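J.: TSV, N, CA and C atoms, saved as input-v5.tsv, coming up:
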chain	number	residue	atom	x	y	z
A	1	MET	N	-20.47	21.45	11.01
A	1	MET	CA	-19.51	21.76	12.05
A	1	MET	C	-18.26	20.93	11.82
A	2	VAL	N	-17.11	21.54	11.85
A	2	VAL	CA	-15.85	20.85	11.60
A	2	VAL	C	-15.56	19.91	12.75
A	3	GLY	N	-15.16	18.67	12.40
A	3	GLY	CA	-14.78	17.70	13.40
A	3	GLY	C	-15.95	16.91	13.96
A	4	SER	N	-17.18	17.16	13.50
A	4	SER	CA	-18.32	16.41	14.02
A	4	SER	C	-18.56	15.19	13.15
A	5	PRO	N	-19.17	14.14	13.72
A	5	PRO	CA	-19.45	12.95	12.92
A	5	PRO	C	-20.46	13.27	11.83
A	6	VAL	N	-20.29	12.61	10.70
A	6	VAL	CA	-21.21	12.75	9.57
A	6	VAL	C	-21.93	11.42	9.43
A	7	ASP	N	-23.25	11.44	9.41
A	7	ASP	CA	-24.06	10.22	9.27
A	7	ASP	C	-23.66	9.16	10.28
A	8	GLY	N	-23.33	9.55	11.49
A	8	GLY	CA	-23.01	8.60	12.53
A	8	GLY	C	-21.60	8.05	12.47
A	9	ALA	N	-20.80	8.48	11.53
A	9	ALA	CA	-19.43	7.99	11.42
A	9	ALA	C	-18.58	8.62	12.51
A	10	PRO	N	-17.62	7.89	13.05
A	10	PRO	CA	-16.76	8.47	14.08
A	10	PRO	C	-15.96	9.64	13.53
A	11	VAL	N	-15.62	10.55	14.40
A	11	VAL	CA	-14.81	11.69	14.01
A	11	VAL	C	-13.50	11.17	13.44
A	12	GLY	N	-13.11	11.70	12.32
A	12	GLY	CA	-11.84	11.30	11.70
A	12	GLY	C	-11.97	10.16	10.72
A	13	SER	N	-13.15	9.49	10.69
A	13	SER	CA	-13.29	8.39	9.74
A	13	SER	C	-13.75	8.94	8.40
A	14	VAL	N	-13.47	8.19	7.37
A	14	VAL	CA	-13.86	8.59	6.02
A	14	VAL	C	-14.72	7.48	5.46
A	15	PRO	N	-15.95	7.78	5.02
A	15	PRO	CA	-16.81	6.74	4.45
A	15	PRO	C	-16.13	6.09	3.25
A	16	LEU	N	-16.43	4.80	3.06
A	16	LEU	CA	-15.88	4.06	1.93
A	16	LEU	C	-16.23	4.78	0.64
A	17	GLY	N	-15.28	4.98	-0.23
A	17	GLY	CA	-15.51	5.65	-1.50
A	17	GLY	C	-15.29	7.15	-1.44
A	18	ALA	N	-15.22	7.70	-0.22
A	18	ALA	CA	-14.99	9.14	-0.09
A	18	ALA	C	-13.49	9.40	-0.10
A	19	VAL	N	-13.13	10.59	-0.47
A	19	VAL	CA	-11.72	10.96	-0.49
A	19	VAL	C	-11.45	11.83	0.72
A	20	ALA	N	-10.47	11.42	1.51
A	20	ALA	CA	-10.13	12.19	2.70
A	20	ALA	C	-9.39	13.45	2.29
A	21	ALA	N	-9.66	14.52	3.00
A	21	ALA	CA	-8.92	15.76	2.74
A	21	ALA	C	-7.48	15.55	3.16
A	22	GLU	N	-6.57	15.95	2.33
A	22	GLU	CA	-5.16	15.81	2.65
A	22	GLU	C	-4.77	16.80	3.73
A	23	PRO	N	-4.05	16.35	4.75
A	23	PRO	CA	-3.59	17.29	5.75
A	23	PRO	C	-2.55	18.22	5.13
A	24	ALA	N	-2.43	19.38	5.73
A	24	ALA	CA	-1.42	20.34	5.23
A	24	ALA	C	-0.04	19.69	5.35
A	25	ARG	N	0.76	19.84	4.33
A	25	ARG	CA	2.09	19.22	4.31
A	25	ARG	C	3.15	20.30	4.36
A	26	SER	N	4.21	19.97	5.09
A	26	SER	CA	5.32	20.91	5.13
A	26	SER	C	6.32	20.60	4.01
A	27	GLN	N	6.22	19.37	3.45
A	27	GLN	CA	7.14	18.97	2.39
A	27	GLN	C	6.32	18.46	1.21
A	28	PRO	N	6.79	18.69	0.00
A	28	PRO	CA	6.09	18.14	-1.17
A	28	PRO	C	6.26	16.62	-1.22
A	29	ILE	N	5.28	15.96	-1.82
A	29	ILE	CA	5.36	14.51	-1.98
A	29	ILE	C	6.20	14.22	-3.22
A	30	PRO	N	7.21	13.39	-3.08
A	30	PRO	CA	8.05	13.07	-4.26
A	30	PRO	C	7.22	12.43	-5.37
A	31	ALA	N	7.50	12.79	-6.60
A	31	ALA	CA	6.79	12.25	-7.76
A	31	ALA	C	6.85	10.73	-7.80
A	32	GLU	N	7.97	10.17	-7.39
A	32	GLU	CA	8.13	8.71	-7.38
A	32	GLU	C	7.12	8.06	-6.42
A	33	LEU	N	6.87	8.71	-5.28
A	33	LEU	CA	5.88	8.21	-4.32
A	33	LEU	C	4.47	8.31	-4.90
A	34	VAL	N	4.17	9.42	-5.53
A	34	VAL	CA	2.86	9.60	-6.16
A	34	VAL	C	2.64	8.51	-7.21
A	35	SER	N	3.65	8.25	-8.01
A	35	SER	CA	3.56	7.22	-9.04
A	35	SER	C	3.38	5.83	-8.44
A	36	ALA	N	4.15	5.52	-7.40
A	36	ALA	CA	4.04	4.21	-6.76
A	36	ALA	C	2.64	4.03	-6.16
A	37	ARG	N	2.12	5.08	-5.53
A	37	ARG	CA	0.77	5.00	-4.95
A	37	ARG	C	-0.28	4.81	-6.03
A	38	ALA	N	-0.11	5.46	-7.17
A	38	ALA	CA	-1.05	5.29	-8.29
A	38	ALA	C	-1.03	3.83	-8.77
A	39	SER	N	0.15	3.25	-8.82
A	39	SER	CA	0.26	1.84	-9.21
A	39	SER	C	-0.45	0.94	-8.21
A	40	ILE	N	-0.28	1.22	-6.93
A	40	ILE	CA	-0.96	0.45	-5.89
A	40	ILE	C	-2.47	0.59	-6.03
A	41	ASP	N	-2.94	1.80	-6.28
A	41	ASP	CA	-4.38	2.03	-6.46
A	41	ASP	C	-4.92	1.22	-7.63
A	42	ASN	N	-4.16	1.17	-8.73
A	42	ASN	CA	-4.57	0.39	-9.90
A	42	ASN	C	-4.62	-1.10	-9.57
A	43	LEU	N	-3.62	-1.58	-8.86
A	43	LEU	CA	-3.60	-2.99	-8.48
A	43	LEU	C	-4.74	-3.33	-7.52
A	44	ASP	N	-5.02	-2.43	-6.58
A	44	ASP	CA	-6.14	-2.65	-5.66
A	44	ASP	C	-7.45	-2.76	-6.44
A	45	ALA	N	-7.64	-1.90	-7.42
A	45	ALA	CA	-8.86	-1.95	-8.24
A	45	ALA	C	-8.92	-3.28	-9.00
A	46	ALA	N	-7.81	-3.71	-9.55
A	46	ALA	CA	-7.77	-4.98	-10.27
A	46	ALA	C	-8.10	-6.14	-9.33
A	47	LEU	N	-7.56	-6.11	-8.11
A	47	LEU	CA	-7.85	-7.16	-7.14
A	47	LEU	C	-9.34	-7.22	-6.82
A	48	VAL	N	-9.96	-6.09	-6.64
A	48	VAL	CA	-11.40	-6.05	-6.34
A	48	VAL	C	-12.19	-6.62	-7.51
A	49	HIS	N	-11.84	-6.24	-8.73
A	49	HIS	CA	-12.55	-6.76	-9.90
A	49	HIS	C	-12.34	-8.26	-10.05
A	50	LEU	N	-11.13	-8.73	-9.82
A	50	LEU	CA	-10.86	-10.17	-9.90
A	50	LEU	C	-11.62	-10.93	-8.81
A	51	LEU	N	-11.66	-10.38	-7.62
A	51	LEU	CA	-12.39	-11.01	-6.53
A	51	LEU	C	-13.89	-11.08	-6.85
A	52	ALA	N	-14.43	-10.02	-7.43
A	52	ALA	CA	-15.84	-10.03	-7.82
A	52	ALA	C	-16.10	-11.12	-8.86
A	53	GLU	N	-15.21	-11.26	-9.83
A	53	GLU	CA	-15.36	-12.31	-10.84
A	53	GLU	C	-15.28	-13.69	-10.21
A	54	ARG	N	-14.33	-13.85	-9.28
A	54	ARG	CA	-14.18	-15.14	-8.60
A	54	ARG	C	-15.45	-15.50	-7.86
A	55	PHE	N	-16.05	-14.53	-7.17
A	55	PHE	CA	-17.26	-14.80	-6.41
A	55	PHE	C	-18.46	-15.07	-7.32
A	56	LYS	N	-18.49	-14.50	-8.51
A	56	LYS	CA	-19.55	-14.84	-9.46
A	56	LYS	C	-19.48	-16.33	-9.80
A	57	ILE	N	-18.27	-16.80	-10.03
A	57	ILE	CA	-18.08	-18.22	-10.37
A	57	ILE	C	-18.38	-19.10	-9.17
A	58	THR	N	-17.94	-18.70	-7.98
A	58	THR	CA	-18.20	-19.55	-6.81
A	58	THR	C	-19.69	-19.58	-6.47
A	59	ARG	N	-20.44	-18.52	-6.81
A	59	ARG	CA	-21.90	-18.59	-6.61
A	59	ARG	C	-22.49	-19.67	-7.52
A	60	ARG	N	-21.98	-19.75	-8.76
A	60	ARG	CA	-22.44	-20.79	-9.68
A	60	ARG	C	-22.08	-22.17	-9.13
A	61	VAL	N	-20.85	-22.30	-8.61
A	61	VAL	CA	-20.42	-23.57	-8.01
A	61	VAL	C	-21.35	-23.93	-6.84
A	62	GLY	N	-21.70	-22.94	-6.03
A	62	GLY	CA	-22.58	-23.18	-4.89
A	62	GLY	C	-23.95	-23.68	-5.33
A	63	ARG	N	-24.49	-23.10	-6.40
A	63	ARG	CA	-25.79	-23.55	-6.91
A	63	ARG	C	-25.70	-24.98	-7.44
A	64	ILE	N	-24.59	-25.28	-8.12
A	64	ILE	CA	-24.38	-26.64	-8.64
A	64	ILE	C	-24.29	-27.63	-7.49
A	65	LYS	N	-23.52	-27.28	-6.46
A	65	LYS	CA	-23.39	-28.16	-5.29
A	65	LYS	C	-24.73	-28.36	-4.60
A	66	ALA	N	-25.48	-27.28	-4.42
A	66	ALA	CA	-26.78	-27.37	-3.75
A	66	ALA	C	-27.72	-28.28	-4.55
A	67	ALA	N	-27.74	-28.11	-5.87
A	67	ALA	CA	-28.62	-28.92	-6.72
A	67	ALA	C	-28.22	-30.40	-6.69
A	68	ALA	N	-26.93	-30.67	-6.53
A	68	ALA	CA	-26.43	-32.04	-6.53
A	68	ALA	C	-26.42	-32.64	-5.13
A	69	GLY	N	-26.78	-31.84	-4.13
A	69	GLY	CA	-26.78	-32.34	-2.75
A	69	GLY	C	-25.39	-32.51	-2.17
A	70	LEU	N	-24.42	-31.79	-2.73
A	70	LEU	CA	-23.05	-31.87	-2.23
A	70	LEU	C	-22.85	-30.90	-1.07
A	71	PRO	N	-21.93	-31.21	-0.17
A	71	PRO	CA	-21.69	-30.31	0.97
A	71	PRO	C	-21.07	-28.99	0.51
A	72	PRO	N	-21.32	-27.92	1.28
A	72	PRO	CA	-20.77	-26.61	0.91
A	72	PRO	C	-19.24	-26.57	0.90
A	73	ALA	N	-18.62	-27.32	1.80
A	73	ALA	CA	-17.16	-27.33	1.90
A	73	ALA	C	-16.61	-28.60	1.28
A	74	ASP	N	-15.40	-28.49	0.73
A	74	ASP	CA	-14.69	-29.64	0.16
A	74	ASP	C	-13.26	-29.56	0.67
A	75	PRO	N	-13.01	-30.10	1.87
A	75	PRO	CA	-11.68	-29.97	2.49
A	75	PRO	C	-10.53	-30.47	1.62
A	76	GLY	N	-10.75	-31.53	0.85
A	76	GLY	CA	-9.69	-32.03	-0.02
A	76	GLY	C	-9.32	-31.02	-1.10
A	77	ARG	N	-10.33	-30.47	-1.74
A	77	ARG	CA	-10.11	-29.44	-2.78
A	77	ARG	C	-9.44	-28.21	-2.16
A	78	GLU	N	-9.92	-27.82	-0.98
A	78	GLU	CA	-9.35	-26.64	-0.31
A	78	GLU	C	-7.87	-26.85	0.00
A	79	ALA	N	-7.51	-28.04	0.47
A	79	ALA	CA	-6.10	-28.34	0.78
A	79	ALA	C	-5.25	-28.29	-0.50
A	80	GLU	N	-5.79	-28.81	-1.60
A	80	GLU	CA	-5.08	-28.75	-2.89
A	80	GLU	C	-4.86	-27.30	-3.32
A	81	GLN	N	-5.91	-26.49	-3.17
A	81	GLN	CA	-5.82	-25.08	-3.56
A	81	GLN	C	-4.79	-24.34	-2.72
A	82	ILE	N	-4.78	-24.61	-1.43
A	82	ILE	CA	-3.81	-23.95	-0.55
A	82	ILE	C	-2.40	-24.33	-0.94
A	83	ALA	N	-2.16	-25.62	-1.17
A	83	ALA	CA	-0.82	-26.07	-1.58
A	83	ALA	C	-0.42	-25.41	-2.91
A	84	ARG	N	-1.35	-25.36	-3.86
A	84	ARG	CA	-1.06	-24.74	-5.16
A	84	ARG	C	-0.74	-23.26	-5.01
A	85	LEU	N	-1.55	-22.57	-4.20
A	85	LEU	CA	-1.34	-21.14	-4.01
A	85	LEU	C	-0.04	-20.85	-3.26
A	86	ARG	N	0.30	-21.69	-2.29
A	86	ARG	CA	1.56	-21.51	-1.56
A	86	ARG	C	2.74	-21.64	-2.54
A	87	GLN	N	2.65	-22.60	-3.46
A	87	GLN	CA	3.73	-22.78	-4.44
A	87	GLN	C	3.80	-21.59	-5.39
A	88	LEU	N	2.63	-21.13	-5.86
A	88	LEU	CA	2.61	-19.94	-6.72
A	88	LEU	C	3.21	-18.74	-6.01
A	89	ALA	N	2.88	-18.59	-4.75
A	89	ALA	CA	3.42	-17.47	-3.97
A	89	ALA	C	4.93	-17.58	-3.86
A	90	GLN	N	5.41	-18.76	-3.53
A	90	GLN	CA	6.85	-18.96	-3.41
A	90	GLN	C	7.54	-18.67	-4.73
A	91	ASP	N	6.97	-19.15	-5.83
A	91	ASP	CA	7.54	-18.90	-7.16
A	91	ASP	C	7.53	-17.42	-7.52
A	92	SER	N	6.62	-16.67	-6.91
A	92	SER	CA	6.48	-15.24	-7.21
A	92	SER	C	7.16	-14.36	-6.17
A	93	ASP	N	7.94	-14.97	-5.30
A	93	ASP	CA	8.66	-14.24	-4.25
A	93	ASP	C	7.69	-13.52	-3.30
A	94	LEU	N	6.59	-14.21	-2.97
A	94	LEU	CA	5.60	-13.72	-2.02
A	94	LEU	C	5.57	-14.70	-0.86
A	95	ASP	N	5.37	-14.20	0.33
A	95	ASP	CA	5.30	-15.05	1.51
A	95	ASP	C	4.16	-16.06	1.36
A	96	PRO	N	4.48	-17.37	1.31
A	96	PRO	CA	3.44	-18.38	1.16
A	96	PRO	C	2.39	-18.34	2.27
A	97	GLU	N	2.80	-17.95	3.46
A	97	GLU	CA	1.84	-17.86	4.57
A	97	GLU	C	0.80	-16.77	4.30
A	98	LEU	N	1.24	-15.66	3.72
A	98	LEU	CA	0.30	-14.60	3.35
A	98	LEU	C	-0.70	-15.12	2.33
A	99	ALA	N	-0.21	-15.82	1.33
A	99	ALA	CA	-1.09	-16.38	0.30
A	99	ALA	C	-2.08	-17.37	0.92
A	100	GLU	N	-1.62	-18.19	1.84
A	100	GLU	CA	-2.51	-19.15	2.49
A	100	GLU	C	-3.58	-18.44	3.31
A	101	LYS	N	-3.18	-17.43	4.06
A	101	LYS	CA	-4.16	-16.68	4.86
A	101	LYS	C	-5.20	-16.02	3.96
A	102	PHE	N	-4.75	-15.48	2.85
A	102	PHE	CA	-5.65	-14.84	1.89
A	102	PHE	C	-6.66	-15.84	1.34
A	103	LEU	N	-6.17	-17.00	0.87
A	103	LEU	CA	-7.06	-18.01	0.31
A	103	LEU	C	-7.99	-18.58	1.38
A	104	THR	N	-7.48	-18.79	2.58
A	104	THR	CA	-8.31	-19.32	3.66
A	104	THR	C	-9.47	-18.38	3.96
A	105	PHE	N	-9.20	-17.08	3.98
A	105	PHE	CA	-10.26	-16.10	4.20
A	105	PHE	C	-11.30	-16.19	3.09
A	106	ILE	N	-10.84	-16.25	1.84
A	106	ILE	CA	-11.76	-16.31	0.70
A	106	ILE	C	-12.60	-17.59	0.77
A	107	VAL	N	-11.95	-18.72	1.05
A	107	VAL	CA	-12.67	-19.99	1.10
A	107	VAL	C	-13.72	-19.97	2.21
A	108	ARG	N	-13.39	-19.39	3.36
A	108	ARG	CA	-14.38	-19.28	4.44
A	108	ARG	C	-15.62	-18.52	3.98
A	109	GLU	N	-15.40	-17.44	3.25
A	109	GLU	CA	-16.53	-16.65	2.74
A	109	GLU	C	-17.32	-17.44	1.70
A	110	VAL	N	-16.63	-18.14	0.83
A	110	VAL	CA	-17.31	-18.94	-0.20
A	110	VAL	C	-18.17	-20.02	0.47
A	111	VAL	N	-17.61	-20.72	1.45
A	111	VAL	CA	-18.36	-21.78	2.14
A	111	VAL	C	-19.58	-21.18	2.84
A	112	ARG	N	-19.41	-20.02	3.45
A	112	ARG	CA	-20.53	-19.35	4.11
A	112	ARG	C	-21.64	-19.05	3.10
A	113	HIS	N	-21.27	-18.59	1.92
A	113	HIS	CA	-22.26	-18.31	0.86
A	113	HIS	C	-22.92	-19.61	0.40
A	114	HIS	N	-22.13	-20.68	0.26
A	114	HIS	CA	-22.69	-21.96	-0.18
A	114	HIS	C	-23.66	-22.50	0.88
A	115	GLU	N	-23.32	-22.34	2.15
A	115	GLU	CA	-24.22	-22.78	3.21
A	115	GLU	C	-25.54	-22.02	3.14
A	116	ARG	N	-25.46	-20.73	2.88
A	116	ARG	CA	-26.66	-19.90	2.77
A	116	ARG	C	-27.50	-20.36	1.57
A	117	LEU	N	-26.84	-20.66	0.44
A	117	LEU	CA	-27.57	-21.15	-0.73
A	117	LEU	C	-28.31	-22.44	-0.42
A	118	GLN	N	-27.63	-23.36	0.27
A	118	GLN	CA	-28.27	-24.62	0.59
A	118	GLN	C	-29.42	-24.43	1.57
A	119	ALA	N	-29.24	-23.54	2.54
A	119	ALA	CA	-30.33	-23.25	3.48
A	119	ALA	C	-31.51	-22.66	2.74
A	120	ASP	N	-31.25	-21.77	1.80
A	120	ASP	CA	-32.33	-21.18	1.01
A	120	ASP	C	-33.05	-22.24	0.17
A	121	ASP	N	-32.28	-23.18	-0.40
A	121	ASP	CA	-32.88	-24.27	-1.17
A	121	ASP	C	-33.75	-25.15	-0.29
A	122	HIS	N	-33.27	-25.47	0.91
A	122	HIS	CA	-34.04	-26.30	1.84
A	122	HIS	C	-35.32	-25.58	2.25
A	123	ARG	N	-35.22	-24.29	2.47
A	123	ARG	CA	-36.37	-23.49	2.85
A	123	ARG	C	-37.40	-23.48	1.71
A	124	ALA	N	-36.92	-23.32	0.48
A	124	ALA	CA	-37.82	-23.32	-0.68
A	124	ALA	C	-38.49	-24.69	-0.84
A	125	ASP	N	-37.73	-25.77	-0.64
A	125	ASP	CA	-38.30	-27.12	-0.73
A	125	ASP	C	-39.37	-27.31	0.34
A	126	TRP	N	-39.09	-26.85	1.54
A	126	TRP	CA	-40.03	-27.00	2.64
A	126	TRP	C	-41.31	-26.22	2.38
A	127	LEU	N	-41.15	-24.99	1.85
A	127	LEU	CA	-42.33	-24.18	1.56
A	127	LEU	C	-43.16	-24.78	0.40
A	128	ALA	N	-42.46	-25.37	-0.57
A	128	ALA	CA	-43.15	-25.95	-1.72
A	128	ALA	C	-43.82	-27.29	-1.37
A	129	GLY	N	-43.24	-27.99	-0.37
A	129	GLY	CA	-43.72	-29.34	-0.03
A	129	GLY	C	-44.90	-29.32	0.81
Spell out the structure here as structure tokens.
T.:
Amino acid sequence: MVGSPVDGAPVGSVPLGAVAAEPARSQPIPAELVSARASIDNLDAALVHLLAERFKITRRVGRIKAAAGLPPADPGREAEQIARLRQLAQDSDLDPELAEKFLTFIVREVVRHHERLQADDHRADWLAG
């Protein structure tokens, strides 16, 4: 039935990875816009792949920290990273605040993963002991 939810999704929503049907257009889309959007799509894909690689490395860092008994968060390192990223953003003509918000979000997720790793290690130690 047209307009009904699919798999519990709200009407009008598109599942991740699905392609939304284009609404009927009264005007053609300029080729320059199509090209710019294709470039954005390529950059978005690159960002996702880079983020996946970053998280692979941070999982390794989390295991190293857990094995060494180090805390999941390192506020000094995080402050250094934020300052470095803000400078890179400024040098690249990007709003440093945007870069800081982006890194802060990523660091929060990394710390959450590291906390989970340490909790899992403690649980394994308790079960083994």
J.: Would you compute the distance between atom C of Pro71 of chain A and atom N of Ala119 of chain A? Give it in Å to one decimal.
T.: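 It comes out at 10.0 Å.
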J.: Provide the atom CA of Leu98 of chain A to atom CA of Ile82 of chain A distance in Å, to one decimal place.
T.: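 If I compute the distance from atom CA of Leu98 of chain A to atom CA of Ile82 of chain A, I get 10.9 Å.
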J.: What is the distance between atom CA of Arg54 of chain A and atom CA of Ala36 of chain A, in Å to one decimal?
T.: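 Going from atom CA of Arg54 of chain A over to atom CA of Ala36 of chain A, I get 26.6 Å.
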J.: With all atoms listed in the file as the basis for distance, which of A:His113, A:His49, A:Arg25, A:Arg37 is at the shortest distance from Pro72 of chain A?
T.: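 Nearest candidate to Pro72 of chain A out of A:His113, A:His49, A:Arg25, A:Arg37: A:His113.
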J.: When you look at Ile106 of chain A with a cut-off of 12 Å (counting only C-alpha atoms), what residues show up, excluding the ones that are within fewer than 3 positions of it in the same chain? I need them as a PyMOL selection string.
T.: chain A and resi 51-52+54-55+58+78+81-82+99-103+109-113
